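Structure file final_24.csv (CSV, C-alpha atoms) follows.
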chain,number,residue,atom,x,y,z
A,23,MET,CA,22.4,-49.1,-154.4
A,24,LEU,CA,23.1,-50.9,-151.2
A,25,GLU,CA,25.1,-47.9,-150.0
A,26,PHE,CA,22.2,-45.6,-150.6
A,27,LEU,CA,19.9,-48.0,-148.7
A,28,ILE,CA,22.2,-48.1,-145.7
A,29,LEU,CA,22.4,-44.3,-145.7
A,30,PHE,CA,18.6,-44.1,-145.8
A,31,LEU,CA,18.5,-46.4,-142.8
A,32,ILE,CA,21.0,-44.2,-141.0
A,33,TYR,CA,18.8,-41.1,-141.5
A,34,ALA,CA,15.7,-43.1,-140.6
A,35,GLY,CA,17.5,-44.2,-137.4
A,36,VAL,CA,18.4,-40.6,-136.5
A,37,ALA,CA,14.7,-39.6,-136.9
A,38,VAL,CA,13.6,-42.6,-134.8
A,39,SER,CA,16.1,-41.6,-132.1
A,40,ILE,CA,14.8,-38.0,-132.0
A,41,TYR,CA,11.2,-39.2,-131.7
A,42,GLN,CA,12.2,-41.7,-129.1
A,43,LEU,CA,13.8,-39.0,-126.9
A,44,TYR,CA,10.8,-36.8,-127.4
A,45,ASP,CA,8.4,-39.5,-126.5
A,46,ILE,CA,10.3,-40.6,-123.4
A,47,TYR,CA,10.8,-37.1,-122.2
A,48,CYS,CA,7.1,-36.2,-122.7
A,49,ASN,CA,6.0,-39.4,-120.9
A,50,GLN,CA,8.2,-38.7,-117.9
A,51,SER,CA,7.2,-35.0,-117.8
A,52,GLN,CA,3.5,-36.0,-117.9
A,53,SER,CA,4.1,-38.6,-115.1
A,54,ILE,CA,5.8,-36.0,-112.9
A,55,GLU,CA,3.0,-33.4,-113.6
A,56,GLU,CA,0.3,-36.0,-112.8
A,57,GLU,CA,2.1,-36.9,-109.5
A,58,ASP,CA,2.2,-33.3,-108.5
A,59,ASN,CA,-1.5,-32.9,-109.4
A,60,LYS,CA,-3.5,-33.6,-106.3
A,61,THR,CA,-6.7,-33.8,-108.4
A,62,TYR,CA,-5.5,-36.7,-110.6
A,63,ALA,CA,-8.3,-39.2,-110.8
A,64,MET,CA,-7.8,-42.8,-109.6
A,65,ARG,CA,-8.6,-45.6,-112.0
A,66,GLU,CA,-12.2,-46.7,-112.0
A,67,ASP,CA,-11.4,-50.3,-111.0
A,68,LEU,CA,-9.4,-49.0,-107.9
A,69,LYS,CA,-11.9,-46.5,-106.6
A,70,GLY,CA,-14.2,-49.1,-105.0
A,71,LEU,CA,-11.2,-50.8,-103.4
A,72,ALA,CA,-9.9,-47.5,-102.1
A,73,LEU,CA,-13.3,-47.0,-100.4
A,74,LYS,CA,-13.2,-50.5,-98.8
A,75,ALA,CA,-9.6,-49.8,-97.7
A,76,ARG,CA,-10.8,-46.7,-95.8
A,77,GLU,CA,-13.7,-48.6,-94.3
A,78,GLN,CA,-11.3,-51.4,-93.2
A,79,ALA,CA,-9.0,-48.8,-91.6
A,80,ALA,CA,-11.9,-47.2,-89.8
A,81,THR,CA,-13.9,-50.2,-88.6
A,82,GLY,CA,-11.3,-53.1,-88.6
A,83,SER,CA,-13.7,-55.2,-90.7
A,84,SER,CA,-11.7,-56.5,-93.7
A,85,SER,CA,-13.9,-59.1,-95.3
A,86,ASP,CA,-15.2,-56.8,-98.1
A,87,PHE,CA,-11.7,-55.4,-98.6
A,88,LEU,CA,-10.1,-58.8,-98.9
A,89,GLN,CA,-12.6,-60.0,-101.4
A,90,ALA,CA,-12.3,-56.9,-103.6
A,91,ALA,CA,-8.5,-56.9,-103.3
A,92,GLY,CA,-8.3,-60.5,-104.3
A,93,ALA,CA,-10.5,-59.8,-107.4
A,94,ILE,CA,-8.2,-57.0,-108.6
A,95,TYR,CA,-4.7,-58.0,-107.4
A,96,GLY,CA,-5.1,-61.8,-107.2
A,97,ARG,CA,-4.8,-64.0,-104.2
A,98,GLY,CA,-1.1,-64.3,-104.2
A,99,LEU,CA,-0.3,-60.8,-103.0
A,100,ASP,CA,-0.2,-60.1,-99.3
A,101,PRO,CA,-3.2,-57.9,-98.6
A,102,ARG,CA,-1.2,-55.8,-96.1
A,103,VAL,CA,0.8,-54.4,-99.1
A,104,ILE,CA,-2.4,-53.5,-100.9
A,105,LEU,CA,-3.8,-51.8,-97.7
A,106,ALA,CA,-0.5,-49.9,-97.4
A,107,ALA,CA,-0.7,-48.7,-101.0
A,108,PHE,CA,-4.2,-47.1,-100.2
A,109,SER,CA,-2.9,-45.6,-96.9
A,110,THR,CA,-0.4,-43.3,-98.6
A,111,GLU,CA,-0.9,-39.7,-99.7
A,112,LYS,CA,-0.6,-40.5,-103.4
A,113,ALA,CA,-2.6,-43.7,-103.2
A,114,GLN,CA,-3.5,-43.7,-106.9
A,115,TYR,CA,0.1,-43.9,-108.1
A,116,ASN,CA,1.2,-46.5,-105.6
A,117,ALA,CA,-1.9,-48.7,-106.1
A,118,GLU,CA,-1.3,-48.6,-109.9
A,119,ALA,CA,2.4,-49.3,-109.6
A,120,LEU,CA,1.6,-52.2,-107.3
A,121,LEU,CA,-1.0,-53.6,-109.7
A,122,ARG,CA,1.6,-53.5,-112.6
A,123,ARG,CA,4.3,-55.2,-110.5
A,124,LYS,CA,2.2,-57.5,-108.3
A,125,HIS,CA,3.9,-60.7,-109.4
A,126,HIS,CA,7.3,-59.2,-108.3
A,127,VAL,CA,6.3,-58.4,-104.8
A,128,LEU,CA,7.1,-60.6,-101.8
A,129,VAL,CA,6.5,-59.9,-98.1
A,130,ASN,CA,8.4,-61.5,-95.3
A,131,GLY,CA,8.4,-58.9,-92.5
A,132,GLU,CA,9.2,-56.3,-95.1
A,133,ILE,CA,8.7,-55.9,-98.9
A,134,ARG,CA,11.1,-57.5,-101.2
A,135,ILE,CA,11.2,-57.6,-105.0
A,136,ARG,CA,11.5,-60.9,-107.0
A,137,HIS,CA,13.1,-59.8,-110.2
A,138,LEU,CA,13.5,-63.4,-111.3
A,139,PRO,CA,12.6,-66.7,-109.6
A,140,PHE,CA,16.2,-67.0,-108.3
A,141,TRP,CA,16.9,-63.3,-107.8
A,142,LYS,CA,15.2,-61.3,-104.9
A,143,THR,CA,16.4,-58.0,-103.6
A,144,ALA,CA,15.2,-55.1,-101.4
A,145,PRO,CA,13.4,-52.4,-103.3
A,146,PRO,CA,15.7,-49.5,-104.5
A,147,ALA,CA,16.2,-46.8,-101.9
A,148,LYS,CA,16.7,-44.1,-104.5
A,149,ASP,CA,14.8,-43.1,-107.6
A,150,ILE,CA,17.2,-43.3,-110.5
A,151,ARG,CA,14.8,-41.8,-113.1
A,152,GLY,CA,17.0,-38.7,-113.5
A,153,THR,CA,20.1,-40.7,-114.1
A,154,LEU,CA,18.4,-42.9,-116.7
A,155,LEU,CA,17.0,-39.9,-118.6
A,156,THR,CA,20.6,-38.5,-118.7
A,157,VAL,CA,21.9,-41.7,-120.3
A,158,ILE,CA,19.0,-41.7,-122.8
A,159,ILE,CA,19.9,-38.1,-123.8
A,160,VAL,CA,23.5,-39.1,-124.3
A,161,ASN,CA,22.4,-42.0,-126.4
A,162,SER,CA,20.4,-39.7,-128.6
A,163,LEU,CA,23.2,-37.2,-129.0
A,164,ALA,CA,25.5,-40.1,-129.9
A,165,VAL,CA,23.0,-41.2,-132.7
A,166,LEU,CA,23.0,-37.6,-134.0
A,167,PHE,CA,26.8,-37.5,-134.1
A,168,LEU,CA,27.0,-40.9,-135.9
A,169,GLY,CA,24.4,-39.7,-138.4
A,170,GLY,CA,26.5,-36.6,-139.1
A,171,LEU,CA,29.6,-38.8,-139.3
A,172,GLY,CA,27.7,-40.8,-142.0
A,173,VAL,CA,27.3,-37.6,-144.0
A,174,TYR,CA,30.9,-36.6,-143.6
A,175,THR,CA,32.3,-40.0,-144.7
A,176,MET,CA,30.3,-39.8,-147.9
A,177,ALA,CA,32.8,-37.2,-149.1
A,178,TYR,CA,35.8,-37.6,-146.8
A,179,GLU,CA,37.7,-40.4,-145.2
A,180,VAL,CA,38.4,-40.5,-141.5
A,181,THR,CA,42.2,-40.9,-141.3
A,182,ILE,CA,42.5,-41.5,-137.5
A,183,ASP,CA,43.3,-45.2,-137.0
A,184,SER,CA,41.1,-45.6,-133.9
A,185,LEU,CA,38.1,-44.2,-135.9
A,186,SER,CA,38.7,-46.1,-139.1
A,187,TRP,CA,35.5,-48.1,-138.4
A,188,ALA,CA,33.5,-44.9,-139.1
A,189,ASN,CA,34.4,-45.0,-142.8
A,190,SER,CA,31.9,-47.9,-143.1
A,191,SER,CA,28.3,-46.8,-143.4
A,192,PHE,CA,27.2,-50.3,-142.4
A,193,ASN,CA,29.2,-50.0,-139.1
A,194,LEU,CA,27.5,-46.7,-138.4
A,195,MET,CA,24.1,-48.1,-139.1
A,196,VAL,CA,24.6,-51.1,-136.8
A,197,ILE,CA,25.8,-48.8,-134.0
A,198,ILE,CA,22.9,-46.4,-134.4
A,199,TYR,CA,20.3,-49.1,-134.2
A,200,ALA,CA,22.0,-50.7,-131.3
A,201,LEU,CA,21.8,-47.4,-129.5
A,202,ILE,CA,18.1,-47.1,-130.4
A,203,LEU,CA,17.5,-50.6,-129.0
A,204,PHE,CA,19.5,-49.8,-125.9
A,205,THR,CA,17.4,-46.6,-125.3
A,206,HIS,CA,14.2,-48.6,-125.7
A,207,VAL,CA,15.4,-51.1,-123.1
A,208,LEU,CA,16.4,-48.2,-120.8
A,209,SER,CA,12.9,-46.7,-121.0
A,210,LYS,CA,11.3,-50.0,-120.0
A,211,PHE,CA,13.8,-50.4,-117.2
A,212,ASP,CA,13.0,-46.9,-116.0
A,213,GLY,CA,9.3,-47.7,-115.7
A,214,TYR,CA,10.1,-50.9,-113.8
A,215,MET,CA,12.6,-49.2,-111.4
A,216,HIS,CA,10.3,-46.3,-110.7
A,217,ASP,CA,7.4,-48.7,-109.9
A,218,ILE,CA,9.4,-50.8,-107.5
A,219,TYR,CA,10.9,-47.7,-105.9
A,220,ARG,CA,7.4,-46.5,-105.1
A,221,ILE,CA,6.4,-50.0,-103.9
A,222,GLY,CA,9.5,-50.0,-101.6
A,223,LYS,CA,8.2,-46.8,-99.9
A,224,LEU,CA,5.1,-48.9,-98.8
A,225,ASN,CA,7.4,-50.5,-96.1
A,226,ASP,CA,6.7,-47.4,-94.0
A,227,TYR,CA,3.0,-48.0,-94.1
A,228,LEU,CA,3.0,-51.8,-93.9
A,229,PRO,CA,0.7,-53.1,-91.0
A,230,SER,CA,2.6,-55.2,-88.5
A,231,ALA,CA,-0.3,-57.6,-88.2
A,232,GLY,CA,-2.1,-59.4,-90.9
A,233,VAL,CA,-5.4,-58.3,-92.4
A,234,LYS,CA,-8.1,-60.8,-91.6

Final structure tokens representation of the file:
Amino acid sequence: MLEFLILFLIYAGVAVSIYQLYDIYCNQSQSIEEEDNKTYAMREDLKGLALKAREQAATGSSSDFLQAAGAIYGRGLDPRVILAAFSTEKAQYNAEALLRRKHHVLVNGEIRIRHLPFWKTAPPAKDIRGTLLTVIIVNSLAVLFLGGLGVYTMAYEVTIDSLSWANSSFNLMVIIYALILFTHVLSKFDGYMHDIYRIGKLNDYLPSAGVK
């Protein structure tokens, strides 16, 4: 009975992995299509701030902008970074990325990222989204292979010493779910890295003087 339960969990894991790959791929494709779509609408709570940012850039009067920026982003984020986000061609994406990662952003002459209280780095210079998607696809293929191996070992035994672990359905189940968890972590890491990559690009738009 336990063996059938483990086999069921293996097949369930394969199904989860396929859905996981589909979901990640669709989300990334949708994100790319939205970034290429110049008519993509900005979030409602950022539209008013975008207008005040344009007024600040045109008139130099920043009191309204600072008040609105503080209400949305909090007082701890340098307003120059917020102004830079709204000064870019794709302001809606940069402003949303900055809002998601506002607690990780530091400014000392240039933008730096605080991953942990004791760990600060420059933003990544390259977008690694393509590489991470490749790793996710490899993980999913590995899960499919292990699921097939589970079917094979029901009737036959793997005689290669280095693959003897594959004769245990429990071992296959553990590896499959470890790969599913790893893929989930990679998808979250991809979102984080893509956001801080976009934020790093704001260095090119960062005002040299403070916004007052």

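Considering only C-alpha atoms, the residue among A:Glu132, A:Asp67, A:Asp183, A:Asp86 positioned nearest to Ala106 (chain A) is A:Glu132.
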
Item to complete: Select, counting all atoms listed in the file, all protein, DNA and RNA residues no farther than 7 Å from (9.4, -56.1, -102.7) in file coordinates, and express the selection as an MDAnalysis selection string.
Response: chainID A and resid 126:129 133:136 144:145 221:222

Worksheet item: Excluding same-chain residues fewer than 5 positions from Met176 (chain A), what lies within 10 Å of it counting only C-alpha atoms, as a list in words?
Response: Glu25, Leu29, Leu171, Asn189, Ser190 and Ser191 of chain A

Fill in: Gap from CA of Thr181 (chain A) to CA of Val38 (chain A) - Å, one decimal
29.4 Å

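Interatomic distance, CA of Tyr199 (chain A) to CA of Cys48 (chain A): 21.7 Å.
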
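Considering only C-alpha atoms, the residue among A:Thr205, A:Ser162, A:Asn116, A:Thr153 positioned nearest to Lys223 (chain A) is A:Asn116.
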